[in-house]
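Data from work-v2.pdb: PDB, C-alpha atoms
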ATOM      1  CA  THR A   1       0.000   0.000   0.000
ATOM      2  CA  PHE A   2       1.176   3.506  -0.865
ATOM      3  CA  THR A   3       0.027   5.486   2.164
ATOM      4  CA  ILE A   4      -0.430   9.254   2.336
ATOM      5  CA  ILE A   5      -1.045  11.083   5.622
ATOM      6  CA  SER A   6      -2.273  14.677   5.820
ATOM      7  CA  TRP A   7      -2.361  16.716   9.045
ATOM      8  CA  ASN A   8      -2.863  20.373   9.928
ATOM      9  CA  VAL A   9      -0.461  20.571  12.873
ATOM     10  CA  ALA A  10      -1.392  24.156  13.932
ATOM     11  CA  GLY A  11       2.289  24.977  14.482
ATOM     12  CA  LEU A  12       5.042  22.435  13.886
ATOM     13  CA  ARG A  13       7.327  23.790  16.601
ATOM     14  CA  ALA A  14       4.530  23.338  19.162
ATOM     15  CA  ILE A  15       3.987  19.740  18.038
ATOM     16  CA  LEU A  16       7.690  18.961  18.338
ATOM     17  CA  ARG A  17       7.837  20.585  21.753
ATOM     18  CA  ASN A  18       4.677  19.062  23.241
ATOM     19  CA  HIS A  19       4.468  15.769  21.327
ATOM     20  CA  PRO A  20       8.030  15.108  20.160
ATOM     21  CA  THR A  21       7.368  11.586  18.828
ATOM     22  CA  ALA A  22       3.966  12.271  17.225
ATOM     23  CA  LEU A  23       5.199  12.452  13.635
ATOM     24  CA  SER A  24       7.609   9.535  13.866
ATOM     25  CA  ASP A  25       4.920   7.457  15.574
ATOM     26  CA  LEU A  26       2.439   8.260  12.785
ATOM     27  CA  ALA A  27       5.002   7.476  10.101
ATOM     28  CA  THR A  28       5.790   4.113  11.679
ATOM     29  CA  LYS A  29       2.247   3.099  12.595
ATOM     30  CA  TYR A  30       0.873   3.675   9.094
ATOM     31  CA  ASP A  31       4.057   2.821   7.178
ATOM     32  CA  ALA A  32       3.580   6.187   5.461
ATOM     33  CA  ASP A  33       5.106   6.901   2.072
ATOM     34  CA  VAL A  34       4.155  10.591   2.074
ATOM     35  CA  ILE A  35       3.341  12.843   5.030
ATOM     36  CA  CYS A  36       1.803  16.235   4.260
ATOM     37  CA  LEU A  37       1.576  18.933   6.937
ATOM     38  CA  GLN A  38      -0.296  22.218   6.901
ATOM     39  CA  GLU A  39      -0.110  25.349   9.041
ATOM     40  CA  THR A  40       3.465  24.680  10.079
ATOM     41  CA  LYS A  41       3.921  28.382  10.997
ATOM     42  CA  LEU A  42       7.603  28.214  10.063
ATOM     43  CA  GLN A  43       9.947  30.722   8.470
ATOM     44  CA  GLU A  44      13.044  29.617   6.564
ATOM     45  CA  ILE A  45      15.120  30.614   9.591
ATOM     46  CA  HIS A  46      13.244  28.010  11.671
ATOM     47  CA  VAL A  47      13.549  25.292   9.025
ATOM     48  CA  ASN A  48      17.330  25.672   8.966
ATOM     49  CA  ASP A  49      17.916  26.390  12.676
ATOM     50  CA  PRO A  50      20.143  23.550  13.990
ATOM     51  CA  LYS A  51      18.739  24.043  17.500
ATOM     52  CA  LEU A  52      15.191  23.289  16.341
ATOM     53  CA  LYS A  53      16.353  20.147  14.502
ATOM     54  CA  ILE A  54      13.834  20.337  11.679
ATOM     55  CA  LYS A  55      15.456  20.233   8.221
ATOM     56  CA  GLY A  56      17.781  17.234   8.032
ATOM     57  CA  HIS A  57      16.603  15.962  11.425
ATOM     58  CA  LEU A  58      12.818  15.549  11.489
ATOM     59  CA  LEU A  59      11.921  12.052  10.169
ATOM     60  CA  GLU A  60      15.477  11.721   8.859
ATOM     61  CA  GLU A  61      16.139   8.492  10.773
ATOM     62  CA  GLU A  62      12.833   7.121   9.518
ATOM     63  CA  GLY A  63      14.107   7.630   5.976
ATOM     64  CA  TYR A  64      12.227  10.650   4.600
ATOM     65  CA  ASP A  65      13.261  13.543   2.370
ATOM     66  CA  SER A  66      11.683  16.831   3.500
ATOM     67  CA  HIS A  67      10.331  19.853   1.626
ATOM     68  CA  PHE A  68       9.120  23.080   3.271
ATOM     69  CA  SER A  69       7.210  26.048   1.894
ATOM     70  CA  CYS A  70       7.074  29.099   4.162
ATOM     71  CA  SER A  71       5.101  32.322   4.163
ATOM     72  CA  THR A  72       7.219  35.335   3.230
ATOM     73  CA  THR A  73       4.471  37.894   3.829
ATOM     74  CA  LYS A  74       3.698  37.265   7.489
ATOM     75  CA  LYS A  75       5.640  35.620  10.334
ATOM     76  CA  GLY A  76       4.297  32.599  12.217
ATOM     77  CA  TYR A  77       1.649  32.102   9.558
ATOM     78  CA  SER A  78       0.484  29.399   7.183
ATOM     79  CA  GLY A  79       3.200  27.137   5.748
ATOM     80  CA  THR A  80       3.264  23.575   4.423
ATOM     81  CA  ALA A  81       5.657  20.630   4.525
ATOM     82  CA  VAL A  82       5.943  17.308   2.710
ATOM     83  CA  PHE A  83       7.988  14.273   3.746
ATOM     84  CA  VAL A  84       8.590  11.597   1.100
ATOM     85  CA  LYS A  85       9.926   8.144   1.993
ATOM     86  CA  ARG A  86      13.231   7.395   0.309
ATOM     87  CA  GLN A  87      13.212   4.186  -1.729
ATOM     88  CA  GLU A  88      16.020   1.652  -1.820
ATOM     89  CA  GLN A  89      17.470   1.829  -5.310
ATOM     90  CA  ASN A  90      20.220  -0.795  -5.154
ATOM     91  CA  ASN A  91      17.674  -3.045  -6.846
ATOM     92  CA  PRO A  92      15.618  -0.450  -8.713
ATOM     93  CA  LYS A  93      13.065  -2.781 -10.219
ATOM     94  CA  LYS A  94      11.893  -4.679  -7.175
ATOM     95  CA  SER A  95      10.821  -3.743  -3.707
ATOM     96  CA  LYS A  96       8.434  -5.493  -1.369
ATOM     97  CA  LYS A  97       5.597  -3.141  -0.552
ATOM     98  CA  LYS A  98       2.330  -4.078   1.138
ATOM     99  CA  GLN A  99      -0.785  -3.643  -0.966
ATOM    100  CA  ALA A 100      -4.242  -3.098   0.499
ATOM    101  CA  THR A 101      -7.236  -5.162  -0.450
ATOM    102  CA  MET A 102     -10.543  -3.408  -1.037
ATOM    103  CA  ASP A 103     -11.811  -4.443   2.402
ATOM    104  CA  SER A 104     -12.667  -1.432   4.520
ATOM    105  CA  PHE A 105     -15.520  -1.231   6.912
ATOM    106  CA  PHE A 106     -17.206   0.580   9.768
ATOM    107  CA  GLY A 107     -17.183  -0.520  13.361
ATOM    108  CA  SER A 108     -20.391  -0.658  15.355
ATOM    109  CA  LYS A 109     -22.289   2.600  15.657
ATOM    110  CA  LYS A 110     -21.812   4.658  18.778
ATOM    111  CA  ASN A 111     -25.332   5.996  18.337
ATOM    112  CA  ASP A 112     -27.786   6.763  15.556
ATOM    113  CA  GLU A 113     -25.925   9.922  14.551
ATOM    114  CA  GLU A 114     -22.354   8.780  14.613
ATOM    115  CA  ASP A 115     -20.277   6.031  13.060
ATOM    116  CA  THR A 116     -16.980   4.976  14.530
ATOM    117  CA  SER A 117     -13.878   5.685  12.511
ATOM    118  CA  VAL A 118     -13.337   3.750   9.342
ATOM    119  CA  GLU A 119     -10.799   1.045   9.959
ATOM    120  CA  LYS A 120      -7.952  -0.018   7.720
ATOM    121  CA  GLY A 121      -8.230  -2.875   5.257
ATOM    122  CA  LYS A 122      -6.265  -6.099   5.418
ATOM    123  CA  LYS A 123      -2.887  -6.194   3.721
ATOM    124  CA  THR A 124      -1.069  -8.677   1.561
ATOM    125  CA  ASP A 125       2.438  -8.725   0.141
ATOM    126  CA  THR A 126       3.178  -8.122  -3.505
ATOM    127  CA  VAL A 127       6.123  -6.840  -5.528
ATOM    128  CA  ILE A 128       6.003  -3.472  -7.292
ATOM    129  CA  ASP A 129       8.345  -1.265  -9.292
ATOM    130  CA  ILE A 130       9.806   1.227  -6.830
ATOM    131  CA  THR A 131      10.709   3.670  -9.570
ATOM    132  CA  ASN A 132       6.995   4.559  -9.495
ATOM    133  CA  LEU A 133       7.410   5.636  -5.853
ATOM    134  CA  ILE A 134      10.186   8.164  -6.513
ATOM    135  CA  PRO A 135       9.171  11.803  -7.211
ATOM    136  CA  GLU A 136      10.114  13.268 -10.560
ATOM    137  CA  LYS A 137       9.545  16.864  -9.422
ATOM    138  CA  VAL A 138       8.658  18.908  -6.331
ATOM    139  CA  SER A 139       7.320  22.460  -6.740
ATOM    140  CA  MET A 140       5.865  25.126  -4.470
ATOM    141  CA  GLU A 141       3.857  27.446  -6.695
ATOM    142  CA  LEU A 142       0.359  27.801  -8.063
ATOM    143  CA  GLY A 143       1.963  30.125 -10.575
ATOM    144  CA  LYS A 144       0.434  33.389  -9.401
ATOM    145  CA  GLU A 145       2.291  35.816  -7.167
ATOM    146  CA  GLU A 146      -0.785  36.728  -5.125
ATOM    147  CA  HIS A 147      -1.006  33.107  -3.934
ATOM    148  CA  ASP A 148       2.590  31.979  -3.801
ATOM    149  CA  SER A 149       3.942  34.171  -0.995
ATOM    150  CA  GLU A 150       2.041  32.435   1.818
ATOM    151  CA  GLY A 151       3.579  28.948   1.612
ATOM    152  CA  ARG A 152       0.275  27.230   0.935
ATOM    153  CA  ILE A 153       1.175  24.581  -1.638
ATOM    154  CA  ILE A 154       3.732  21.849  -2.262
ATOM    155  CA  SER A 155       3.188  19.669  -5.321
ATOM    156  CA  VAL A 156       4.905  16.320  -5.831
ATOM    157  CA  ASP A 157       4.874  14.665  -9.243
ATOM    158  CA  PHE A 158       5.201  10.880  -9.064
ATOM    159  CA  PRO A 159       5.441   8.873 -12.303
ATOM    160  CA  LEU A 160       1.845   7.615 -12.055
ATOM    161  CA  PHE A 161       0.082  10.585 -10.399
ATOM    162  CA  SER A 162       0.557  14.089  -9.018
ATOM    163  CA  LEU A 163      -0.377  15.287  -5.548
ATOM    164  CA  SER A 164      -0.621  18.796  -4.131
ATOM    165  CA  ASN A 165      -0.486  19.433  -0.378
ATOM    166  CA  LEU A 166      -2.620  22.503   0.359
ATOM    167  CA  TYR A 167      -3.429  24.863   3.172
ATOM    168  CA  VAL A 168      -6.354  26.712   1.600
ATOM    169  CA  PRO A 169      -6.828  30.317   2.791
ATOM    170  CA  ASN A 170      -9.329  30.827   5.576
ATOM    171  CA  SER A 171     -11.957  33.429   4.706
ATOM    172  CA  GLY A 172     -11.445  35.083   8.099
ATOM    173  CA  GLN A 173     -13.646  35.807  11.111
ATOM    174  CA  LYS A 174     -15.102  38.832   9.349
ATOM    175  CA  LEU A 175     -15.054  37.078   5.955
ATOM    176  CA  ASP A 176     -12.639  39.726   4.705
ATOM    177  CA  ARG A 177     -10.896  37.148   2.452
ATOM    178  CA  LEU A 178     -14.048  35.420   1.220
ATOM    179  CA  ASP A 179     -13.947  37.048  -2.204
ATOM    180  CA  TYR A 180     -10.235  36.321  -2.620
ATOM    181  CA  ARG A 181     -10.739  32.738  -1.475
ATOM    182  CA  THR A 182     -13.684  31.871  -3.733
ATOM    183  CA  ASN A 183     -13.076  34.045  -6.804
ATOM    184  CA  GLN A 184      -9.299  33.860  -7.039
ATOM    185  CA  TRP A 185      -7.687  31.040  -5.047
ATOM    186  CA  ASP A 186     -10.322  28.344  -5.694
ATOM    187  CA  LYS A 187     -10.535  29.113  -9.407
ATOM    188  CA  ASP A 188      -6.755  29.307  -9.871
ATOM    189  CA  LEU A 189      -6.313  26.054  -7.943
ATOM    190  CA  LEU A 190      -8.788  24.271 -10.216
ATOM    191  CA  ASN A 191      -7.024  25.631 -13.294
ATOM    192  CA  PHE A 192      -3.676  24.480 -11.887
ATOM    193  CA  MET A 193      -4.916  20.941 -11.236
ATOM    194  CA  GLN A 194      -6.590  20.680 -14.641
ATOM    195  CA  LYS A 195      -3.431  21.921 -16.339
ATOM    196  CA  THR A 196      -1.261  19.450 -14.401
ATOM    197  CA  GLU A 197      -3.578  16.566 -15.274
ATOM    198  CA  LYS A 198      -3.645  17.491 -18.962
ATOM    199  CA  GLU A 199       0.084  18.167 -19.341
ATOM    200  CA  ARG A 200       1.300  15.114 -17.428
ATOM    201  CA  GLY A 201      -1.441  12.758 -18.594
ATOM    202  CA  VAL A 202      -1.812  11.199 -15.117
ATOM    203  CA  PRO A 203      -4.432  11.453 -12.350
ATOM    204  CA  VAL A 204      -4.139  14.278  -9.825
ATOM    205  CA  MET A 205      -4.965  14.601  -6.143
ATOM    206  CA  TRP A 206      -5.105  17.639  -3.933
ATOM    207  CA  LEU A 207      -5.267  17.201  -0.221
ATOM    208  CA  GLY A 208      -4.955  18.913   3.125
ATOM    209  CA  ASP A 209      -6.866  21.513   5.104
ATOM    210  CA  LEU A 210      -9.239  22.844   2.442
ATOM    211  CA  ASN A 211     -11.079  25.065   4.948
ATOM    212  CA  VAL A 212     -14.601  24.160   3.880
ATOM    213  CA  ALA A 213     -17.263  21.876   5.342
ATOM    214  CA  HIS A 214     -18.895  20.907   2.074
ATOM    215  CA  THR A 215     -22.312  19.547   3.097
ATOM    216  CA  GLU A 216     -24.513  19.178   6.153
ATOM    217  CA  MET A 217     -22.827  15.822   6.833
ATOM    218  CA  GLU A 218     -19.514  17.582   7.488
ATOM    219  CA  VAL A 219     -20.870  19.770  10.320
ATOM    220  CA  TRP A 220     -22.037  18.761  13.769
ATOM    221  CA  ASN A 221     -24.562  21.621  14.097
ATOM    222  CA  GLU A 222     -25.878  22.072  10.559
ATOM    223  CA  GLY A 223     -28.820  24.471  10.605
ATOM    224  CA  ALA A 224     -27.320  26.831  13.184
ATOM    225  CA  LYS A 225     -27.968  30.376  11.981
ATOM    226  CA  HIS A 226     -24.366  31.582  12.331
ATOM    227  CA  LEU A 227     -22.976  28.962   9.919
ATOM    228  CA  ALA A 228     -23.953  30.935   6.800
ATOM    229  CA  LYS A 229     -21.711  33.758   7.998
ATOM    230  CA  SER A 230     -18.879  31.635   9.406
ATOM    231  CA  ALA A 231     -15.671  30.889   7.495
ATOM    232  CA  GLY A 232     -15.775  27.378   6.062
ATOM    233  CA  THR A 233     -19.550  27.042   6.026
ATOM    234  CA  THR A 234     -20.669  30.028   3.942
ATOM    235  CA  PRO A 235     -22.844  29.286   0.902
ATOM    236  CA  GLU A 236     -20.173  30.912  -1.267
ATOM    237  CA  GLU A 237     -17.392  28.570  -0.075
ATOM    238  CA  ARG A 238     -19.573  25.488  -0.344
ATOM    239  CA  GLU A 239     -20.662  26.421  -3.853
ATOM    240  CA  SER A 240     -17.086  27.156  -4.900
ATOM    241  CA  PHE A 241     -16.011  23.735  -3.623
ATOM    242  CA  GLN A 242     -18.933  22.108  -5.436
ATOM    243  CA  GLN A 243     -17.819  23.781  -8.664
ATOM    244  CA  GLN A 244     -14.418  22.117  -8.297
ATOM    245  CA  LEU A 245     -16.078  18.725  -7.897
ATOM    246  CA  ASP A 246     -18.429  19.437 -10.812
ATOM    247  CA  ALA A 247     -15.360  20.046 -12.979
ATOM    248  CA  GLY A 248     -14.709  16.315 -12.704
ATOM    249  CA  TYR A 249     -13.129  15.560  -9.320
ATOM    250  CA  VAL A 250     -14.084  13.366  -6.370
ATOM    251  CA  ASP A 251     -14.076  13.743  -2.574
ATOM    252  CA  ALA A 252     -12.420  10.400  -1.800
ATOM    253  CA  PHE A 253     -13.803   9.981   1.715
ATOM    254  CA  ARG A 254     -17.399  10.636   0.643
ATOM    255  CA  LYS A 255     -17.111   8.353  -2.379
ATOM    256  CA  LEU A 256     -15.857   5.478  -0.261
ATOM    257  CA  HIS A 257     -18.025   6.179   2.786
ATOM    258  CA  PRO A 258     -21.129   8.016   1.524
ATOM    259  CA  SER A 259     -23.257   7.567   4.646
ATOM    260  CA  ALA A 260     -20.595   8.088   7.343
ATOM    261  CA  LYS A 261     -21.760  10.511  10.015
ATOM    262  CA  GLY A 262     -19.879  12.121  12.873
ATOM    263  CA  GLN A 263     -16.620  11.908  10.915
ATOM    264  CA  TYR A 264     -14.826  15.193  11.579
ATOM    265  CA  THR A 265     -11.248  16.432  11.318
ATOM    266  CA  TYR A 266     -11.431  19.751  13.231
ATOM    267  CA  TRP A 267     -12.804  20.716  16.633
ATOM    268  CA  SER A 268     -12.739  24.144  18.289
ATOM    269  CA  GLN A 269     -10.356  23.907  21.234
ATOM    270  CA  ARG A 270     -11.661  27.124  22.769
ATOM    271  CA  ALA A 271     -15.149  25.665  22.966
ATOM    272  CA  GLY A 272     -13.875  22.277  24.211
ATOM    273  CA  ASN A 273     -15.637  20.558  21.330
ATOM    274  CA  ARG A 274     -13.328  17.610  20.756
ATOM    275  CA  GLU A 275     -14.490  15.207  23.461
ATOM    276  CA  PRO A 276     -18.198  15.537  22.575
ATOM    277  CA  ASN A 277     -17.212  15.307  18.874
ATOM    278  CA  LYS A 278     -18.743  18.638  17.892
ATOM    279  CA  GLY A 279     -16.607  19.103  14.819
ATOM    280  CA  LEU A 280     -16.272  19.883  11.129
ATOM    281  CA  ARG A 281     -14.703  17.893   8.304
ATOM    282  CA  LEU A 282     -12.302  20.419   6.768
ATOM    283  CA  ASP A 283      -9.561  18.058   5.558
ATOM    284  CA  TYR A 284      -9.873  16.125   2.303
ATOM    285  CA  PHE A 285      -8.359  14.076  -0.476
ATOM    286  CA  ILE A 286      -9.808  15.338  -3.785
ATOM    287  CA  CYS A 287      -8.996  13.078  -6.729
ATOM    288  CA  SER A 288      -9.348  12.453 -10.418
ATOM    289  CA  PRO A 289     -12.096   9.825 -10.903
ATOM    290  CA  SER A 290      -9.589   7.575 -12.667
ATOM    291  CA  LEU A 291      -7.944   6.908  -9.289
ATOM    292  CA  PHE A 292     -10.979   4.706  -8.572
ATOM    293  CA  ASP A 293     -10.707   2.794 -11.860
ATOM    294  CA  ASP A 294      -9.461  -0.763 -11.295
ATOM    295  CA  SER A 295      -7.910  -0.869 -14.746
ATOM    296  CA  ASN A 296      -5.384   1.835 -13.799
ATOM    297  CA  LYS A 297      -1.894   1.261 -12.423
ATOM    298  CA  VAL A 298      -2.694   3.336  -9.337
ATOM    299  CA  VAL A 299      -6.003   2.940  -7.474
ATOM    300  CA  LEU A 300      -7.202   4.658  -4.299
ATOM    301  CA  ARG A 301      -8.484   1.881  -2.047
ATOM    302  CA  ASP A 302      -9.320   3.572   1.252
ATOM    303  CA  CYS A 303      -9.553   6.942   2.953
ATOM    304  CA  TYR A 304     -10.124   7.427   6.666
ATOM    305  CA  ILE A 305      -9.755   9.766   9.627
ATOM    306  CA  VAL A 306      -7.518   9.351  12.701
ATOM    307  CA  PRO A 307      -9.510  11.182  15.403
ATOM    308  CA  ASP A 308      -7.483   9.937  18.382
ATOM    309  CA  GLN A 309      -4.280  11.750  17.321
ATOM    310  CA  VAL A 310      -3.736  14.704  19.659
ATOM    311  CA  GLY A 311      -1.468  17.723  19.313
ATOM    312  CA  SER A 312      -3.566  20.005  17.110
ATOM    313  CA  ASP A 313      -7.148  21.219  16.686
ATOM    314  CA  HIS A 314      -7.176  19.071  13.537
ATOM    315  CA  CYS A 315      -6.536  15.335  13.326
ATOM    316  CA  PRO A 316      -4.761  13.445  10.529
ATOM    317  CA  ILE A 317      -6.464  11.873   7.539
ATOM    318  CA  VAL A 318      -5.083   8.915   5.587
ATOM    319  CA  ALA A 319      -5.376   7.657   2.008
ATOM    320  CA  GLU A 320      -4.246   4.184   0.960
ATOM    321  CA  MET A 321      -3.443   3.535  -2.687
ATOM    322  CA  GLU A 322      -2.603   0.391  -4.586
ATOM    323  CA  ILE A 323       0.245   0.783  -7.067
ATOM    324  CA  LYS A 324       0.373  -2.144  -9.440
ATOM    325  CA  LYS A 325       3.486  -3.667 -10.946
TER     326      LYS A 325
END

For the structure just supplied, provide its representation as structure tokens.
Amino acid sequence: TFTIISWNVAGLRAILRNHPTALSDLATKYDADVICLQETKLQEIHVNDPKLKIKGHLLEEEGYDSHFSCSTTKKGYSGTAVFVKRQEQNNPKKSKKKQATMDSFFGSKKNDEEDTSVEKGKKTDTVIDITNLIPEKVSMELGKEEHDSEGRIISVDFPLFSLSNLYVPNSGQKLDRLDYRTNQWDKDLLNFMQKTEKERGVPVMWLGDLNVAHTEMEVWNEGAKHLAKSAGTTPEERESFQQQLDAGYVDAFRKLHPSAKGQYTYWSQRAGNREPNKGLRLDYFICSPSLFDDSNKVVLRDCYIVPDQVGSDHCPIVAEMEIKK
């Protein structure tokens, strides 16, 4: 299985200080091939500070190459990071890698409103070509200056697909960035993904904290009057997100688990909403439909949420892909 983890860490330095083994534990537990972080709140000076032990230290022993994109417009703001597992190339054509079966299922319901987290499928051993697991290119731009100064994107082109790790702009408490978010960022992102898909001729995936709760199933208190004027649940943001899906892309979690309720990735810490599971689903894997086509060399088999991971007001999400030989 080719496993991708995404997590808004709400400050990487805080995670490393308060939960120093969290990332290495995640990497090991899920045998992750790619780990994507959002809201790292790093500047370049932090990334390269030997005292902080980030670049060249974090997940280095576990065998990952790291890539960081930092905001240059505001300190302690935004930022993304991607860690890619290095592949053994002394035998470049063969590497044992576990592949997931299609089995994925729900546990018993906690109550009528809430399903337990989706559990992982069983695994079997098979042999695949590891050259398909090695990135051909890593880039950090959407291609427009107004977007590219906040460290919100890292794209990794693998031979069989492209992924983009995103921290989508929040519209703000007063919705002062709502117009920018929906009429510029969202549209330029869609154009970027469509262009990548067309030029490379492979499926694309964008993932991360997309800062929108798409439907009533992604919100614990749908119907509350303030939601229409709250960032992430405005009609404008939901419609903009729907337009991206209508352009021919798929919310992987909803496709695989269409009736799952109570599955959230963000909880307000100020309101103490995590324990009672009063949350929002703001974190996604959005994919080309061909990633669900069994005839392809790469197929997305499962997508699930890891709600028990502490350290941030978001929790990680995981996608498991089969890469065929």

Here's the selection I'm unsure about, the PyMOL selection byres ((chain A and resi 236-238) around 9); applied to the file above, which residues does it give, as an mmCIF file with C-alpha atoms, keeping the file's coordinate frame?
data_model
loop_
_atom_site.group_PDB
_atom_site.id
_atom_site.type_symbol
_atom_site.label_atom_id
_atom_site.label_comp_id
_atom_site.auth_asym_id
_atom_site.auth_seq_id
_atom_site.Cartn_x
_atom_site.Cartn_y
_atom_site.Cartn_z
ATOM 1 C CA SER A 171 -11.957 33.429 4.706
ATOM 2 C CA LEU A 178 -14.048 35.420 1.220
ATOM 3 C CA ASP A 179 -13.947 37.048 -2.204
ATOM 4 C CA ARG A 181 -10.739 32.738 -1.475
ATOM 5 C CA THR A 182 -13.684 31.871 -3.733
ATOM 6 C CA ASN A 211 -11.079 25.065 4.948
ATOM 7 C CA VAL A 212 -14.601 24.160 3.880
ATOM 8 C CA ALA A 213 -17.263 21.876 5.342
ATOM 9 C CA HIS A 214 -18.895 20.907 2.074
ATOM 10 C CA THR A 215 -22.312 19.547 3.097
ATOM 11 C CA ALA A 228 -23.953 30.935 6.800
ATOM 12 C CA ALA A 231 -15.671 30.889 7.495
ATOM 13 C CA GLY A 232 -15.775 27.378 6.062
ATOM 14 C CA THR A 233 -19.550 27.042 6.026
ATOM 15 C CA THR A 234 -20.669 30.028 3.942
ATOM 16 C CA PRO A 235 -22.844 29.286 0.902
ATOM 17 C CA GLU A 239 -20.662 26.421 -3.853
ATOM 18 C CA SER A 240 -17.086 27.156 -4.900
ATOM 19 C CA PHE A 241 -16.011 23.735 -3.623
ATOM 20 C CA GLN A 242 -18.933 22.108 -5.436
ATOM 21 C CA GLN A 243 -17.819 23.781 -8.664
#

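Using all atoms listed in the file, the nearest neighbour of Phe285 (chain A) within the list A:Pro316, A:Gly79, A:Pro20, A:Pro135 is A:Pro316.
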
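Within 7 Å of the file-frame point (-10.7, 18.6, -10.9), and using all atoms listed in the file, the polymer residues found are Leu190, Met193, Gln194, Gln244, Leu245, Ala247, Gly248, Tyr249 and Ser288 of chain A.
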
Any chance you can output those residues with C-alpha atoms as a compact mmCIF listing (two decimals), keeping the file's coordinate frame?
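Done, and the output landed in result_4.txt:
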# COMPACT_ATOMS: atom_id res chain seq x y z
CA LEU A 190 -8.79 24.27 -10.22
CA MET A 193 -4.92 20.94 -11.24
CA GLN A 194 -6.59 20.68 -14.64
CA GLN A 244 -14.42 22.12 -8.30
CA LEU A 245 -16.08 18.73 -7.90
CA ALA A 247 -15.36 20.05 -12.98
CA GLY A 248 -14.71 16.32 -12.70
CA TYR A 249 -13.13 15.56 -9.32
CA SER A 288 -9.35 12.45 -10.42

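Nearest-residue note for Ala32 (chain A): choosing from A:Cys287, A:Ile153, A:Leu59, A:Val138, the minimum distance belongs to A:Leu59, counting only C-alpha atoms.
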
Need to verify the contact set: Glu136 (chain A), 10 Å, only C-alpha atoms, exclusion of same-chain residues closer than 5 positions in sequence. Can you return it as a PDB file with C-alpha atoms, in the frame of the given file?
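Contents of around.pdb, freshly written:
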ATOM      1  CA  THR A 131      10.709   3.670  -9.570  1.00  0.00           C
ATOM      2  CA  VAL A 156       4.905  16.320  -5.831  1.00  0.00           C
ATOM      3  CA  ASP A 157       4.874  14.665  -9.243  1.00  0.00           C
ATOM      4  CA  PHE A 158       5.201  10.880  -9.064  1.00  0.00           C
ATOM      5  CA  PRO A 159       5.441   8.873 -12.303  1.00  0.00           C
ATOM      6  CA  SER A 162       0.557  14.089  -9.018  1.00  0.00           C
TER       7      SER A 162
END

Neighbour list for Tyr77 (chain A) as a PyMOL selection string, cut-off 9 Å, all atoms listed in the file, skip fewer than 2 positions in-chain:
chain A and resi 11+39-43+70-71+73-75+79+150-151

Selected residue of minimal separation from Val299 (chain A) among A:Ala260, A:Val318, A:Leu160, A:Val219, counting only C-alpha atoms:
A:Leu160

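For the atom pair formed by CA of Phe83 (chain A) and CA of Lys187 (chain A), the distance is 27.1 Å, given to one decimal.
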
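For the set A:Gly76, A:Glu197, A:Lys29, A:Ser24, the residue with the smallest atom-to-atom gap to Ala10 (chain A) is A:Gly76, counting only C-alpha atoms.
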
Of the residues A:Lys225, A:Leu282, A:Glu216, A:Pro276, which is the one nearest to Asn170 (chain A), using only C-alpha atoms?
A:Leu282
